file my_file12.cif (mmCIF, C-alpha atoms and all ligand atoms)
data_input
#
loop_
_atom_site.label_atom_id
_atom_site.label_comp_id
_atom_site.auth_asym_id
_atom_site.auth_seq_id
_atom_site.Cartn_x
_atom_site.Cartn_y
_atom_site.Cartn_z
CA MET A 5 -45.26 82.03 -191.00
CA GLU A 6 -48.19 83.14 -188.84
CA HIS A 7 -50.20 80.49 -187.01
CA LYS A 8 -53.75 80.78 -185.66
CA ASP A 9 -54.60 78.79 -182.48
CA ASP A 10 -58.43 78.46 -182.83
CA GLY A 11 -58.35 82.02 -184.11
CA MET A 12 -57.61 83.08 -180.56
CA MET A 13 -54.00 84.11 -180.91
CA ASN A 14 -51.50 85.10 -183.60
CA MET A 15 -47.99 83.95 -182.48
CA LYS A 16 -44.99 85.28 -184.41
CA THR A 17 -43.14 81.97 -184.56
CA THR A 18 -40.65 82.58 -187.36
CA ARG A 19 -37.08 83.79 -187.14
CA ASP A 20 -34.41 83.95 -189.83
CA VAL A 21 -32.90 80.47 -190.04
CA VAL A 22 -29.14 80.37 -190.77
CA ARG A 23 -28.57 76.86 -192.15
CA GLY A 24 -25.50 75.25 -190.63
CA LEU A 25 -25.11 78.34 -188.42
CA LYS A 26 -22.83 79.70 -191.19
CA ASP A 27 -21.06 82.88 -189.94
CA VAL A 28 -23.21 82.92 -186.78
CA ALA A 29 -21.18 83.96 -183.72
CA ALA A 30 -22.47 81.79 -180.85
CA ALA A 31 -20.14 83.21 -178.20
CA GLU A 32 -16.92 85.15 -177.65
CA THR A 33 -13.60 83.36 -177.23
CA LYS A 34 -10.01 84.33 -176.56
CA ILE A 35 -8.57 80.94 -177.48
CA SER A 36 -8.17 80.99 -181.25
CA TYR A 37 -9.15 83.08 -184.23
CA VAL A 38 -9.76 81.59 -187.68
CA ASP A 39 -9.36 84.51 -190.11
CA PRO A 40 -11.29 83.74 -193.33
CA MET A 41 -8.44 85.39 -195.24
CA GLY A 42 -6.14 82.56 -194.24
CA VAL A 43 -4.59 83.26 -190.86
CA LEU A 44 -4.88 81.20 -187.67
CA TYR A 45 -4.10 82.66 -184.25
CA TYR A 46 -3.73 80.76 -180.97
CA LEU A 47 -4.19 83.28 -178.14
CA GLY A 48 -2.97 86.04 -180.46
CA TYR A 49 0.07 84.15 -181.80
CA ASN A 50 0.07 83.55 -185.57
CA ILE A 51 0.66 79.83 -186.04
CA ASP A 52 3.27 80.70 -188.68
CA ASP A 53 5.33 82.24 -185.86
CA LEU A 54 4.83 79.19 -183.64
CA MET A 55 5.62 76.47 -186.22
CA GLY A 56 9.25 75.36 -185.95
CA ASN A 57 9.73 77.44 -182.77
CA VAL A 58 7.65 75.59 -180.16
CA ILE A 59 6.80 72.02 -179.19
CA TYR A 60 3.20 70.78 -178.88
CA SER A 61 3.27 70.89 -175.07
CA GLU A 62 4.01 74.64 -175.24
CA VAL A 63 0.86 75.08 -177.34
CA ALA A 64 -1.19 72.95 -174.94
CA TYR A 65 0.11 75.13 -172.06
CA LEU A 66 -0.73 78.29 -174.06
CA LEU A 67 -4.29 77.08 -174.77
CA LEU A 68 -4.85 76.17 -171.11
CA HIS A 69 -3.16 79.13 -169.40
CA GLY A 70 -3.31 81.87 -172.05
CA ILE A 71 0.45 82.51 -172.03
CA LEU A 72 3.51 80.70 -173.37
CA PRO A 73 5.49 79.06 -170.54
CA ASN A 74 9.06 79.98 -169.61
CA LYS A 75 11.63 77.17 -169.57
CA ARG A 76 10.99 76.21 -165.95
CA GLU A 77 7.19 76.21 -166.43
CA LEU A 78 7.50 74.20 -169.66
CA ASP A 79 9.75 71.57 -168.10
CA ALA A 80 7.35 71.20 -165.15
CA PHE A 81 4.32 70.99 -167.49
CA CYS A 82 5.97 68.36 -169.70
CA ALA A 83 6.98 66.30 -166.66
CA LYS A 84 3.44 66.52 -165.27
CA ILE A 85 1.87 65.38 -168.55
CA ILE A 86 4.27 62.45 -168.92
CA SER A 87 3.67 61.45 -165.28
CA GLN A 88 -0.08 61.34 -165.99
CA MET A 89 -0.01 59.45 -169.33
CA ARG A 90 -0.61 56.07 -167.68
CA LEU A 91 -4.27 54.96 -167.62
CA PRO A 92 -6.24 53.62 -164.64
CA ARG A 93 -5.68 49.83 -164.58
CA GLU A 94 -9.42 49.20 -165.05
CA VAL A 95 -9.48 51.28 -168.24
CA GLU A 96 -6.49 49.36 -169.57
CA GLU A 97 -8.31 46.09 -168.92
CA CYS A 98 -11.40 47.36 -170.76
CA ILE A 99 -9.28 48.36 -173.77
CA LYS A 100 -7.91 44.81 -173.86
CA CYS A 101 -11.51 43.53 -174.02
CA SER A 102 -12.43 45.78 -176.97
CA PRO A 103 -13.07 43.76 -180.16
CA LYS A 104 -9.92 43.73 -182.32
CA HIS A 105 -11.96 44.93 -185.32
CA ALA A 106 -13.53 47.84 -183.41
CA HIS A 107 -12.95 51.25 -184.99
CA PRO A 108 -10.39 53.13 -182.85
CA MET A 109 -12.77 56.11 -182.61
CA ASP A 110 -15.39 53.86 -180.97
CA VAL A 111 -12.79 52.72 -178.45
CA LEU A 112 -11.54 56.26 -177.81
CA ARG A 113 -15.06 57.65 -177.33
CA THR A 114 -15.92 54.80 -174.95
CA GLU A 115 -12.73 54.86 -172.88
CA VAL A 116 -12.67 58.65 -172.48
CA SER A 117 -16.18 58.32 -171.10
CA ARG A 118 -14.96 55.50 -168.82
CA LEU A 119 -12.13 57.68 -167.52
CA GLY A 120 -14.89 59.72 -165.86
CA GLU A 121 -15.83 56.68 -163.76
CA PHE A 122 -12.31 56.54 -162.33
CA ASP A 123 -11.68 60.25 -161.92
CA VAL A 124 -9.79 60.64 -158.64
CA GLU A 125 -11.40 64.04 -158.02
CA GLY A 126 -14.94 62.78 -158.54
CA LYS A 127 -17.48 65.52 -157.98
CA ASP A 128 -15.01 68.36 -157.44
CA PHE A 129 -15.90 70.73 -160.29
CA THR A 130 -13.88 73.73 -159.10
CA ASP A 131 -11.75 75.50 -161.71
CA GLU A 132 -8.61 74.06 -160.11
CA ALA A 133 -9.97 70.51 -160.28
CA ASN A 134 -11.12 71.01 -163.88
CA ARG A 135 -7.66 72.24 -164.86
CA ARG A 136 -6.07 69.17 -163.28
CA ARG A 137 -8.67 67.03 -165.12
CA ALA A 138 -7.79 68.82 -168.37
CA ILE A 139 -4.11 67.91 -168.01
CA ARG A 140 -5.00 64.27 -167.31
CA LEU A 141 -7.08 64.18 -170.49
CA ILE A 142 -4.30 65.83 -172.56
CA ALA A 143 -1.99 63.13 -171.22
CA GLN A 144 -4.29 60.11 -171.46
CA VAL A 145 -6.15 60.50 -174.76
CA PRO A 146 -2.97 59.61 -176.71
CA THR A 147 -2.37 56.69 -174.35
CA ILE A 148 -5.83 55.24 -175.06
CA VAL A 149 -5.08 55.48 -178.80
CA ALA A 150 -1.70 53.79 -178.42
CA ALA A 151 -2.99 51.13 -176.00
CA PHE A 152 -5.74 49.99 -178.35
CA HIS A 153 -3.36 49.79 -181.31
CA ARG A 154 -1.06 47.53 -179.28
CA SER A 155 -3.88 45.50 -177.76
CA ARG A 156 -5.67 44.79 -181.05
CA GLN A 157 -2.38 43.34 -182.36
CA GLY A 158 -2.14 41.08 -179.32
CA LEU A 159 0.84 43.07 -178.05
CA PRO A 160 1.36 44.24 -174.46
CA ILE A 161 0.40 47.82 -173.61
CA LEU A 162 3.52 49.96 -173.17
CA TYR A 163 4.04 52.63 -170.51
CA PRO A 164 5.61 56.08 -170.84
CA LYS A 165 9.31 56.54 -170.09
CA GLU A 166 10.36 59.48 -167.94
CA ASP A 167 13.35 60.31 -170.16
CA TYR A 168 11.27 60.41 -173.36
CA SER A 169 9.47 63.58 -174.51
CA PHE A 170 5.67 63.56 -174.85
CA ALA A 171 5.87 63.04 -178.62
CA GLU A 172 8.51 60.31 -178.25
CA ASN A 173 6.38 58.56 -175.65
CA TYR A 174 3.28 58.75 -177.84
CA LEU A 175 5.03 57.15 -180.82
CA TYR A 176 6.91 54.68 -178.60
CA MET A 177 3.68 53.49 -176.95
CA PHE A 178 1.97 53.36 -180.35
CA LYS A 179 4.68 51.70 -182.46
CA GLY A 180 6.67 49.77 -179.84
CA HIS A 181 10.05 51.40 -180.42
CA ARG A 182 11.66 54.79 -179.75
CA PRO A 183 10.95 57.06 -182.72
CA SER A 184 13.69 58.87 -184.62
CA GLN A 185 14.16 62.60 -184.04
CA ASP A 186 12.61 63.24 -187.46
CA GLU A 187 9.51 61.20 -186.58
CA SER A 188 9.08 63.04 -183.27
CA ASP A 189 9.51 66.40 -185.04
CA VAL A 190 6.83 65.51 -187.60
CA LEU A 191 4.41 64.47 -184.86
CA GLN A 192 5.11 67.68 -182.92
CA ARG A 193 4.29 69.75 -186.01
CA LEU A 194 1.14 67.76 -186.77
CA MET A 195 -0.08 68.14 -183.19
CA ILE A 196 0.59 71.90 -183.13
CA LEU A 197 -1.45 72.33 -186.34
CA HIS A 198 -4.35 70.20 -185.03
CA ALA A 199 -4.56 71.73 -181.53
CA ASP A 200 -7.37 74.26 -181.90
CA HIS A 201 -9.51 75.94 -184.53
CA GLY A 202 -12.23 78.28 -183.26
CA PHE A 203 -15.82 77.03 -183.07
CA ASN A 204 -15.41 74.01 -185.33
CA ALA A 205 -18.22 71.48 -184.98
CA SER A 206 -16.58 69.26 -182.34
CA THR A 207 -15.43 72.19 -180.21
CA PHE A 208 -18.87 73.79 -180.41
CA ALA A 209 -20.46 70.46 -179.48
CA ALA A 210 -18.18 70.23 -176.45
CA ARG A 211 -19.16 73.77 -175.46
CA VAL A 212 -22.87 72.97 -175.75
CA THR A 213 -22.39 70.06 -173.34
CA ALA A 214 -20.26 72.18 -170.99
CA SER A 215 -22.84 75.00 -171.15
CA THR A 216 -25.28 72.78 -169.21
CA ASN A 217 -22.61 72.49 -166.46
CA SER A 218 -22.10 68.87 -167.42
CA ASP A 219 -18.71 67.34 -166.62
CA MET A 220 -15.56 67.53 -168.75
CA TYR A 221 -15.61 63.83 -169.71
CA SER A 222 -19.15 64.18 -171.08
CA ALA A 223 -18.14 67.25 -173.05
CA VAL A 224 -15.03 65.57 -174.51
CA THR A 225 -17.05 62.45 -175.34
CA THR A 226 -19.47 64.70 -177.26
CA ALA A 227 -16.53 66.24 -179.12
CA ILE A 228 -15.03 62.86 -180.07
CA GLY A 229 -18.33 61.68 -181.49
CA THR A 230 -18.64 64.90 -183.48
CA LEU A 231 -15.07 64.98 -184.82
CA ARG A 232 -15.50 61.47 -186.17
CA GLY A 233 -17.80 62.55 -189.00
CA PRO A 234 -16.22 62.55 -192.52
CA LEU A 235 -17.32 66.18 -192.99
CA HIS A 236 -15.06 67.02 -190.03
CA GLY A 237 -12.10 65.12 -188.58
CA GLY A 238 -13.13 61.82 -190.16
CA ALA A 239 -12.11 63.23 -193.56
CA SER A 240 -8.43 62.27 -193.23
CA GLU A 241 -9.19 58.54 -193.23
CA LYS A 242 -11.31 59.05 -196.37
CA VAL A 243 -8.48 61.02 -198.00
CA MET A 244 -6.15 58.05 -197.59
CA GLU A 245 -8.77 55.65 -198.95
CA MET A 246 -9.12 57.93 -201.99
CA LEU A 247 -5.36 58.17 -202.56
CA ASP A 248 -5.02 54.40 -202.23
CA ASP A 249 -7.95 53.87 -204.60
CA ILE A 250 -6.62 56.21 -207.33
CA GLY A 251 -3.52 54.14 -208.09
CA LEU A 252 -1.08 55.66 -210.61
CA GLU A 253 -0.46 59.37 -211.24
CA GLU A 254 -1.87 58.92 -214.75
CA GLU A 255 -5.23 57.94 -213.27
CA VAL A 256 -5.68 61.04 -211.09
CA GLU A 257 -7.33 63.28 -213.70
CA GLU A 258 -10.04 60.80 -214.68
CA TYR A 259 -10.68 59.72 -211.08
CA ILE A 260 -11.09 63.21 -209.61
CA GLN A 261 -12.99 64.62 -212.61
CA GLY A 262 -15.31 61.63 -212.33
CA LEU A 263 -16.06 62.34 -208.66
CA LEU A 264 -16.73 65.99 -209.44
CA ASP A 265 -18.90 65.11 -212.44
CA ASP A 266 -20.95 62.95 -210.04
CA HIS A 267 -21.20 65.95 -207.66
CA LYS A 268 -19.21 64.03 -205.00
CA LYS A 269 -17.23 65.90 -202.33
CA ILE A 270 -13.45 65.47 -202.56
CA MET A 271 -12.36 64.58 -199.04
CA GLY A 272 -9.74 66.89 -197.58
CA PHE A 273 -10.92 69.89 -199.58
CA GLY A 274 -13.03 72.92 -198.77
CA HIS A 275 -13.67 74.74 -195.54
CA ARG A 276 -16.61 76.48 -193.88
CA VAL A 277 -14.57 79.57 -192.93
CA TYR A 278 -11.50 80.01 -195.13
CA LYS A 279 -12.02 81.93 -198.38
CA VAL A 280 -8.43 81.23 -199.36
CA GLU A 281 -6.06 78.35 -198.58
CA ASP A 282 -6.15 77.01 -195.01
CA PRO A 283 -2.99 78.50 -193.41
CA ARG A 284 -2.11 75.10 -191.98
CA THR A 285 -1.92 73.54 -195.44
CA LYS A 286 1.38 75.15 -196.48
CA HIS A 287 3.06 73.71 -193.37
CA LEU A 288 1.55 70.27 -193.98
CA ARG A 289 2.42 70.33 -197.70
CA CYS A 290 6.03 71.08 -196.76
CA ILE A 291 6.09 68.25 -194.19
CA VAL A 292 4.72 65.83 -196.82
CA GLU A 293 7.16 66.99 -199.50
CA ASN A 294 10.08 66.35 -197.14
CA LEU A 295 8.70 62.96 -196.07
CA CYS A 296 8.03 61.87 -199.66
CA HIS A 297 11.48 63.04 -200.70
CA LYS A 298 13.08 61.04 -197.87
CA ASP A 299 10.92 57.98 -198.51
CA ARG A 300 11.34 58.23 -202.31
CA THR A 301 7.56 58.43 -202.71
CA MET A 302 7.50 61.67 -204.72
CA SER A 303 4.87 60.12 -206.99
CA LEU A 304 2.44 60.30 -204.04
CA TYR A 305 3.34 63.95 -203.48
CA ASN A 306 2.88 64.66 -207.19
CA LYS A 307 -0.54 62.96 -207.07
CA CYS A 308 -1.52 65.32 -204.25
CA LEU A 309 -0.39 68.39 -206.21
CA GLN A 310 -2.31 67.15 -209.25
CA ILE A 311 -5.49 66.69 -207.19
CA GLU A 312 -5.07 70.19 -205.76
CA GLY A 313 -4.87 71.66 -209.24
CA ILE A 314 -7.88 69.82 -210.61
CA VAL A 315 -10.14 70.61 -207.63
CA HIS A 316 -9.13 74.26 -207.57
CA ASP A 317 -9.69 74.64 -211.32
CA ARG A 318 -13.16 73.07 -211.08
CA LYS A 319 -14.44 74.32 -207.70
CA SER A 320 -12.09 77.11 -206.58
CA ILE A 321 -11.54 75.40 -203.25
CA TYR A 322 -8.35 74.42 -201.45
CA PRO A 323 -7.00 71.53 -199.41
CA ASN A 324 -7.91 71.73 -195.74
CA LEU A 325 -6.09 70.36 -192.68
CA ASP A 326 -7.05 66.78 -193.41
CA PHE A 327 -5.66 66.40 -196.93
CA TYR A 328 -1.91 66.50 -196.33
CA ALA A 329 -2.24 65.47 -192.68
CA ALA A 330 -3.45 62.09 -193.95
CA VAL A 331 -0.32 61.61 -196.07
CA ALA A 332 1.95 62.71 -193.22
CA MET A 333 0.36 60.28 -190.73
CA ASP A 334 0.57 57.48 -193.29
CA ALA A 335 4.28 58.23 -193.69
CA LEU A 336 4.65 58.00 -189.89
CA GLY A 337 3.31 54.45 -190.09
CA VAL A 338 -0.10 55.29 -188.59
CA PRO A 339 -2.87 53.06 -190.01
CA LYS A 340 -5.57 55.24 -191.61
CA GLU A 341 -8.26 54.19 -189.09
CA PHE A 342 -6.07 55.88 -186.46
CA PHE A 343 -5.83 59.24 -188.30
CA THR A 344 -8.84 60.76 -186.53
CA PRO A 345 -7.77 59.42 -183.12
CA PHE A 346 -4.43 61.16 -183.75
CA PHE A 347 -6.41 64.32 -184.55
CA CYS A 348 -8.23 63.88 -181.17
CA SER A 349 -4.88 63.39 -179.41
CA SER A 350 -4.01 66.97 -180.23
CA ARG A 351 -7.42 68.67 -180.37
CA ILE A 352 -8.05 67.50 -176.80
CA SER A 353 -5.94 70.48 -175.67
CA GLY A 354 -8.22 72.88 -177.55
CA TRP A 355 -11.37 71.12 -176.41
CA VAL A 356 -10.51 71.29 -172.69
CA ALA A 357 -9.51 74.95 -173.03
CA HIS A 358 -12.87 75.76 -174.64
CA ILE A 359 -14.77 73.68 -172.06
CA ILE A 360 -13.15 75.67 -169.24
CA GLU A 361 -13.86 78.96 -171.07
CA GLN A 362 -17.50 77.86 -171.47
CA TYR A 363 -17.77 77.11 -167.73
CA GLU A 364 -16.51 80.67 -167.12
CA ASP A 365 -18.98 82.06 -169.68
CA ALA A 366 -21.75 80.36 -167.65
CA VAL A 367 -24.59 80.62 -170.20
CA LEU A 368 -26.71 77.76 -171.59
CA LEU A 369 -26.23 77.32 -175.34
CA ARG A 370 -29.83 76.72 -176.48
CA PRO A 371 -30.79 78.15 -179.90
CA SER A 372 -34.30 78.55 -181.20
CA SER A 373 -35.88 76.93 -184.26
CA ASN A 374 -38.76 77.60 -186.62
CA TYR A 375 -41.55 75.08 -186.17
CA VAL A 376 -42.90 74.16 -189.62
CA GLY A 377 -45.07 71.27 -188.51
CA GLU A 378 -48.88 71.15 -188.10
CA PHE A 379 -51.07 72.69 -185.40
CA GLY A 380 -54.46 71.75 -183.95
CA ARG A 381 -54.57 68.09 -184.96
CA LYS A 382 -57.61 66.38 -183.42
CA PHE A 383 -56.66 63.65 -180.90
CA VAL A 384 -58.19 60.17 -181.50
CA PRO A 385 -57.85 57.48 -178.77
CA VAL A 386 -55.80 54.42 -179.82
CA GLU A 387 -58.93 52.19 -179.82
CA GLN A 388 -60.42 54.32 -182.57
CA ARG A 389 -57.30 54.75 -184.77
C1 LIG A 401 -12.05 69.96 -190.65
O1 LIG A 401 -14.52 73.88 -188.97
C2 LIG A 401 -13.27 73.63 -188.85
O2 LIG A 401 -12.48 74.48 -188.56
C3 LIG A 401 -12.88 72.17 -189.15
C4 LIG A 401 -11.39 71.88 -189.16
C5 LIG A 401 -10.77 72.03 -187.77
O3 LIG A 401 -9.57 72.29 -187.68
O4 LIG A 401 -11.52 71.74 -186.78
O5 LIG A 401 -10.75 72.77 -190.06
C6 LIG A 401 -11.11 70.44 -189.60
O6 LIG A 401 -13.07 69.41 -190.32
C7 LIG A 401 -11.75 70.25 -192.08
C8 LIG A 401 -12.89 69.76 -193.05
C9 LIG A 401 -12.73 68.26 -193.33
N1 LIG A 401 -13.84 67.81 -194.17
C10 LIG A 401 -13.67 67.46 -195.45
O7 LIG A 401 -12.60 67.54 -196.04
C11 LIG A 401 -14.94 66.93 -196.13
C12 LIG A 401 -15.07 67.56 -197.50
N2 LIG A 401 -15.36 69.00 -197.33
C13 LIG A 401 -16.73 69.41 -197.49
O8 LIG A 401 -17.72 68.50 -197.09
C14 LIG A 401 -16.95 70.89 -197.11
O9 LIG A 401 -15.97 71.61 -197.72
C15 LIG A 401 -17.02 71.27 -195.65
C16 LIG A 401 -17.96 70.43 -194.88
C17 LIG A 401 -15.68 71.22 -195.04
C18 LIG A 401 -17.51 72.73 -195.59
O10 LIG A 401 -18.77 72.71 -196.18
P1 LIG A 401 -19.73 74.00 -196.25
O11 LIG A 401 -19.07 75.19 -195.66
O12 LIG A 401 -21.06 73.61 -195.70
O13 LIG A 401 -19.81 74.25 -197.79
P2 LIG A 401 -20.80 73.54 -198.80
O14 LIG A 401 -20.84 72.05 -198.55
O15 LIG A 401 -22.09 74.28 -198.76
O16 LIG A 401 -20.08 73.75 -200.21
C19 LIG A 401 -20.06 75.06 -200.82
C20 LIG A 401 -19.75 74.79 -202.29
C21 LIG A 401 -20.65 73.73 -202.91
O17 LIG A 401 -20.66 73.98 -204.32
P3 LIG A 401 -22.06 74.30 -205.03
O18 LIG A 401 -22.97 73.10 -204.72
O19 LIG A 401 -22.58 75.58 -204.37
O20 LIG A 401 -21.72 74.42 -206.49
O21 LIG A 401 -18.41 74.24 -202.42
C22 LIG A 401 -18.52 72.88 -202.91
C23 LIG A 401 -19.94 72.44 -202.71
O22 LIG A 401 -20.29 71.47 -203.67
N3 LIG A 401 -17.62 72.07 -202.10
C24 LIG A 401 -17.00 70.98 -202.53
C25 LIG A 401 -16.25 70.52 -201.45
N4 LIG A 401 -16.44 71.33 -200.38
C26 LIG A 401 -17.31 72.28 -200.80
N5 LIG A 401 -17.01 70.37 -203.74
C27 LIG A 401 -16.23 69.26 -203.85
N6 LIG A 401 -15.48 68.74 -202.82
C28 LIG A 401 -15.47 69.36 -201.64
N7 LIG A 401 -14.72 68.86 -200.64
#
call {"tool": "encode", "arguments": {"input": "my_file12.cif", "output": "structure tokens"}}
result
Amino acid sequence: MEHKDDGMMNMKTTRDVVRGLKDVAAAETKISYVDPMGVLYYLGYNIDDLMGNVIYSEVAYLLLHGILPNKRELDAFCAKIISQMRLPREVEECIKCSPKHAHPMDVLRTEVSRLGEFDVEGKDFTDEANRRRAIRLIAQVPTIVAAFHRSRQGLPILYPKEDYSFAENYLYMFKGHRPSQDESDVLQRLMILHADHGFNASTFAARVTASTNSDMYSAVTTAIGTLRGPLHGGASEKVMEMLDDIGLEEEVEEYIQGLLDDHKKIMGFGHRVYKVEDPRTKHLRCIVENLCHKDRTMSLYNKCLQIEGIVHDRKSIYPNLDFYAAVAMDALGVPKEFFTPFFCSSRISGWVAHIIEQYEDAVLLRPSSNYVGEFGRKFVPVEQR
């Protein structure tokens, strides 16, 4: 579109708009690669090679430091995280004052922001200080989630135990009792699969905030607000609502076909990048099959398979991370409004790694736009309008 400013000047003001920034590379990253043909790499490791062979803390270390830790480094990293899981007393008190009916994502977004007020390293923004801050956030985001779940039930907030692993502590502080080995293993696997995923919307949002040299708490708060949306991490809660709403297996066909006939999106399906099945889905489907088998809820698993078949036949799309993750978290006894906070509890390790990489990249993320509004409107003082 050309525009004439009193005939004095022709400004070329149009550029090619890429709606949704689809396939636009906004920066370079070494942290993860999302291959559209269905492979996910964390720092060059295929997640299929990591699953079943590492714990979540190893992945968090890998994202932060770029290498997998040896045994001594891993033990020290795990001990450091567990030693930092406890929240500042003031933040605990604020969580206790949160309304019991508040959505856990509101509480998480607010309290992560509040953590910035009590940061012991204040205005030290050196790389070393940011890396220490990153570890505190990896440790304390799960604690905020667990503390609110306890507090809203009128139960005392629990504190981490030195002899529990990170995953055991998370579930212990959330549920009030030591989890079984199976429960801890499921949480480890879920957290590994949720840890990072290229320039997804919440990670990109965090990087935009970090690109202005704003602080890490502001960038993570941006990410939490972004992940919450049902088109992103908020989908898992909607998946569970849908599965609860469908009822019996016999009702799946009519229910899903009806949504598709009404041009509704099926939550937990589709992906901006993958052209084939999300590589995380096979791991999650296996976790859910085992859980449903153990819990004698195979009808739920069969409902999921049925939904997969219908949606693929109609739209040629696949389940994404959120579809089976919802069922797995439900089986762990996590209320559905806590599914996205659990997503945050893992993705925090990817977010802080990207924030630090963005600080190193040191460029302001500020795209252009095509102005399609009016020019040259004649000003009229308010008295004459
Ligand atoms: C996550 O980016 C990441 O990596 C995110 C994530 C991560 O790890 O960080 O992987 C996690 O956020 C997964 C996505 C969770 N969201 C949902 O499950 C919500 C439902 N999904 C859709 O809204 C959608 O699939 C998106 C948002 C995920 C992707 O949307 P796009 O890339 O903008 O694609 P689109 O909406 O333009 O759809 C393309 C076509 C359309 O068909 P037509 O209109 O051209 O005929 O596919 C259809 C859509 O109607 N389609 C769906 C659908 N998703 C896409 N149809 C029905 N149900 C769906 N879920």
call {"tool": "residues_around", "arguments": {"input": "my_file12.cif", "residues": "Pro183 of chain A", "least_positions_apart": "2", "cutoff": "12 Å", "atoms": "only C-alpha atoms", "output": "number ranges by chain"}}
result
A: 168-181, 185-191, 336-337
call {"tool": "closest_residue", "arguments": {"input": "my_file12.cif", "among": "A:Met89, A:Ile71, A:Gly202, A:His105", "to": "Asp27 of chain A", "atoms": "all atoms listed in the file"}}
result
A:Gly202
call {"tool": "residues_around", "arguments": {"input": "my_file12.cif", "residues": "segment 270-282 of chain A", "least_positions_apart": "5", "cutoff": "7 Å", "atoms": "all atoms listed in the file", "output": "number ranges by chain"}}
result
A: 40-42, 239-240, 242-243, 321-324, 326-327
call {"tool": "write_last_selection", "arguments": {"input": "my_file12.cif", "atoms": "C-alpha atoms", "output": "PDB file, in the coordinates of the input"}}
result
ATOM      1  CA  PRO A  40     -11.290  83.740-193.330  1.00  0.00           C
ATOM      2  CA  MET A  41      -8.440  85.390-195.240  1.00  0.00           C
ATOM      3  CA  GLY A  42      -6.140  82.560-194.240  1.00  0.00           C
ATOM      4  CA  ALA A 239     -12.110  63.230-193.560  1.00  0.00           C
ATOM      5  CA  SER A 240      -8.430  62.270-193.230  1.00  0.00           C
ATOM      6  CA  LYS A 242     -11.310  59.050-196.370  1.00  0.00           C
ATOM      7  CA  VAL A 243      -8.480  61.020-198.000  1.00  0.00           C
ATOM      8  CA  ILE A 321     -11.540  75.400-203.250  1.00  0.00           C
ATOM      9  CA  TYR A 322      -8.350  74.420-201.450  1.00  0.00           C
ATOM     10  CA  PRO A 323      -7.000  71.530-199.410  1.00  0.00           C
ATOM     11  CA  ASN A 324      -7.910  71.730-195.740  1.00  0.00           C
ATOM     12  CA  ASP A 326      -7.050  66.780-193.410  1.00  0.00           C
ATOM     13  CA  PHE A 327      -5.660  66.400-196.930  1.00  0.00           C
TER      14      PHE A 327
END
call {"tool": "closest_residue", "arguments": {"input": "my_file12.cif", "among": "A:Val124, A:Asn134, A:Ile196, A:Ser303", "to": "Ser61 of chain A", "atoms": "all atoms listed in the file"}}
result
A:Ile196
call {"tool": "residues_around", "arguments": {"input": "my_file12.cif", "residues": "Arg156 of chain A", "least_positions_apart": "6", "cutoff": "12 Å", "atoms": "all atoms listed in the file", "output": "PyMOL selection string"}}
result
chain A and resi 99-108+111+149-150+178
call {"tool": "closest_residue", "arguments": {"input": "my_file12.cif", "among": "A:Leu252, A:Val38, A:Leu68, A:Leu119", "to": "ligand LIG 401 (chain A)", "atoms": "all atoms listed in the file"}}
result
A:Val38
